[in-house]
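Here the structure is laid out as structure tokens; the discussion comes afterwards.
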Amino acid sequence: CRCGPAAEHLFRAVQSELAAHPDSNEQRAVNELLASRRWTDAGHLPMTYYARTHGWPPPRDLRIYHANYTQGRDGVRQKIRQFGEARRYLAGGRLTAALSYLRIASSKSPAELIRALARRAMPGVRR
């Protein structure tokens, strides 16, 4: 975001959404607000600017990896593990990639796996 009135307006709307839905999180609120088309000059970065919530694996032409969506007191430790997993995946060959897929998949529910596959297959579609 560039600092300015539009960004302030967006984050005030996020603040209102979080107050109305305390069980939610700011990323979900931002995504829903952007999808509402009230911010027509806003967009998304290409998939080379990757976040953990985009699914697994990251693209091989990755530019930035954002370790996100952690829960609990060990959030920083979770992010460090995410960076390590991404580093191993990107630096390794096919066997390393396959092991990475298995490690990530074993920690996900079937619904989470389906959502991750859908995000990879159709990155422009909102879920």
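Going by the structure tokens order, chains are called A, B, ..., each with residues numbered from 1, while ligands are numbered from 1 in the order shown.
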Name all residues at most 12 Å from segment 32-39 of chain A (count only C-alpha atoms; drop same-chain ones fewer than 6 positions away) and give them as a ChimeraX atom specification.
/A:5-18,24-26,124-127
Could the residues in this selection be written to a file with C-alpha atoms, as a short mmCIF file (atom, residue, chain, number, x, y, z; two decimals), in the first residue's frame?
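Listed below is the output, out-v3.cif:
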```cif
data_model
loop_
_atom_site.label_atom_id
_atom_site.label_comp_id
_atom_site.auth_asym_id
_atom_site.auth_seq_id
_atom_site.Cartn_x
_atom_site.Cartn_y
_atom_site.Cartn_z
CA PRO A 5 -6.11 8.71 2.10
CA ALA A 6 -7.14 5.61 0.11
CA ALA A 7 -4.92 3.30 2.20
CA GLU A 8 -6.15 4.89 5.40
CA HIS A 9 -9.76 4.41 4.27
CA LEU A 10 -9.08 0.75 3.45
CA PHE A 11 -7.51 0.03 6.83
CA ARG A 12 -10.25 1.85 8.71
CA ALA A 13 -12.70 -0.43 6.87
CA VAL A 14 -10.55 -3.43 7.89
CA GLN A 15 -10.67 -2.22 11.49
CA SER A 16 -14.49 -2.04 11.30
CA GLU A 17 -14.68 -5.53 9.79
CA LEU A 18 -12.50 -6.96 12.56
CA SER A 24 -11.68 -13.30 11.59
CA ASN A 25 -8.25 -11.94 10.68
CA GLU A 26 -6.98 -8.86 8.85
CA GLY A 124 -7.17 -15.01 -10.23
CA VAL A 125 -10.32 -16.54 -8.74
CA ARG A 126 -11.31 -15.57 -5.19
CA ARG A 127 -12.23 -18.16 -2.55
#
```
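For segment 99-103 of chain A, the list of residues within 8 Å, based on only C-alpha atoms and with local chain neighbours fewer than 6 positions off taken out, reads Trp56, Pro57, Glu85, Arg88 and Tyr89 of chain A.
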Selection export as a PDB file, in the first residue's frame, atoms kept: all heavy atoms:
```
ATOM      1  N   TRP A  56       0.670 -24.530  -1.698  1.00  0.00           N
ATOM      2  CA  TRP A  56       2.014 -25.088  -1.792  1.00  0.00           C
ATOM      3  C   TRP A  56       2.116 -25.874  -3.079  1.00  0.00           C
ATOM      4  O   TRP A  56       1.151 -26.534  -3.455  1.00  0.00           O
ATOM      5  CB  TRP A  56       2.287 -25.994  -0.593  1.00  0.00           C
ATOM      6  CG  TRP A  56       3.728 -26.339  -0.480  1.00  0.00           C
ATOM      7  CD1 TRP A  56       4.328 -27.502  -0.864  1.00  0.00           C
ATOM      8  CD2 TRP A  56       4.754 -25.502   0.023  1.00  0.00           C
ATOM      9  NE1 TRP A  56       5.658 -27.438  -0.633  1.00  0.00           N
ATOM     10  CE2 TRP A  56       5.962 -26.208  -0.079  1.00  0.00           C
ATOM     11  CE3 TRP A  56       4.804 -24.211   0.542  1.00  0.00           C
ATOM     12  CZ2 TRP A  56       7.170 -25.703   0.315  1.00  0.00           C
ATOM     13  CZ3 TRP A  56       6.015 -23.700   0.941  1.00  0.00           C
ATOM     14  CH2 TRP A  56       7.173 -24.437   0.829  1.00  0.00           C
ATOM     15  N   PRO A  57       3.179 -25.792  -3.763  1.00  0.00           N
ATOM     16  CA  PRO A  57       4.444 -25.138  -3.465  1.00  0.00           C
ATOM     17  C   PRO A  57       4.480 -23.722  -4.031  1.00  0.00           C
ATOM     18  O   PRO A  57       3.656 -23.356  -4.857  1.00  0.00           O
ATOM     19  CB  PRO A  57       5.463 -26.016  -4.197  1.00  0.00           C
ATOM     20  CG  PRO A  57       4.726 -26.448  -5.418  1.00  0.00           C
ATOM     21  CD  PRO A  57       3.291 -26.647  -4.965  1.00  0.00           C
ATOM     22  N   GLU A  85      11.220 -24.556   4.930  1.00  0.00           N
ATOM     23  CA  GLU A  85      10.575 -25.454   3.978  1.00  0.00           C
ATOM     24  C   GLU A  85      10.632 -24.880   2.566  1.00  0.00           C
ATOM     25  O   GLU A  85      10.929 -25.586   1.604  1.00  0.00           O
ATOM     26  CB  GLU A  85       9.124 -25.706   4.394  1.00  0.00           C
ATOM     27  CG  GLU A  85       8.437 -26.764   3.592  1.00  0.00           C
ATOM     28  CD  GLU A  85       8.969 -28.161   3.858  1.00  0.00           C
ATOM     29  OE1 GLU A  85       9.328 -28.469   5.019  1.00  0.00           O
ATOM     30  OE2 GLU A  85       9.043 -28.950   2.907  1.00  0.00           O
ATOM     31  N   ARG A  88      14.240 -25.210   1.258  1.00  0.00           N
ATOM     32  CA  ARG A  88      14.556 -26.592   0.851  1.00  0.00           C
ATOM     33  C   ARG A  88      13.864 -26.933  -0.458  1.00  0.00           C
ATOM     34  O   ARG A  88      14.475 -27.540  -1.340  1.00  0.00           O
ATOM     35  CB  ARG A  88      14.130 -27.584   1.943  1.00  0.00           C
ATOM     36  CG  ARG A  88      15.053 -27.628   3.138  1.00  0.00           C
ATOM     37  CD  ARG A  88      14.697 -28.752   4.089  1.00  0.00           C
ATOM     38  NE  ARG A  88      13.371 -28.610   4.677  1.00  0.00           N
ATOM     39  CZ  ARG A  88      13.083 -27.848   5.720  1.00  0.00           C
ATOM     40  NH1 ARG A  88      14.040 -27.147   6.310  1.00  0.00           N
ATOM     41  NH2 ARG A  88      11.858 -27.782   6.193  1.00  0.00           N
ATOM     42  N   TYR A  89      12.614 -26.540  -0.595  1.00  0.00           N
ATOM     43  CA  TYR A  89      11.877 -26.836  -1.816  1.00  0.00           C
ATOM     44  C   TYR A  89      12.539 -26.176  -3.026  1.00  0.00           C
ATOM     45  O   TYR A  89      12.753 -26.812  -4.056  1.00  0.00           O
ATOM     46  CB  TYR A  89      10.420 -26.380  -1.692  1.00  0.00           C
ATOM     47  CG  TYR A  89       9.694 -26.446  -3.008  1.00  0.00           C
ATOM     48  CD1 TYR A  89       9.240 -27.664  -3.501  1.00  0.00           C
ATOM     49  CD2 TYR A  89       9.514 -25.309  -3.781  1.00  0.00           C
ATOM     50  CE1 TYR A  89       8.607 -27.744  -4.726  1.00  0.00           C
ATOM     51  CE2 TYR A  89       8.875 -25.380  -5.010  1.00  0.00           C
ATOM     52  CZ  TYR A  89       8.435 -26.592  -5.475  1.00  0.00           C
ATOM     53  OH  TYR A  89       7.819 -26.666  -6.685  1.00  0.00           O
TER      54      TYR A  89
END
```
Strand (DSSP E or B) positions in chain A, given as a PyMOL selection string:
chain A and resi 49-51+64-66
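For the pair atom CA of Pro46 of chain A and atom CA of Gly92 of chain A, the separation is 23.4 Å.
Taking atom CA of Asp61 of chain A as the reference point, atom CA of Ala118 of chain A is found at 19.7 Å.
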So that I can check the surroundings of Thr70 of chain A, please list as number ranges by chain every protein, DNA and RNA residue that reaches within 12 Å of it, counting only C-alpha atoms and ignoring chain neighbours fewer than 3 positions away.
A: 25, 27, 51-53, 66-67, 73-82
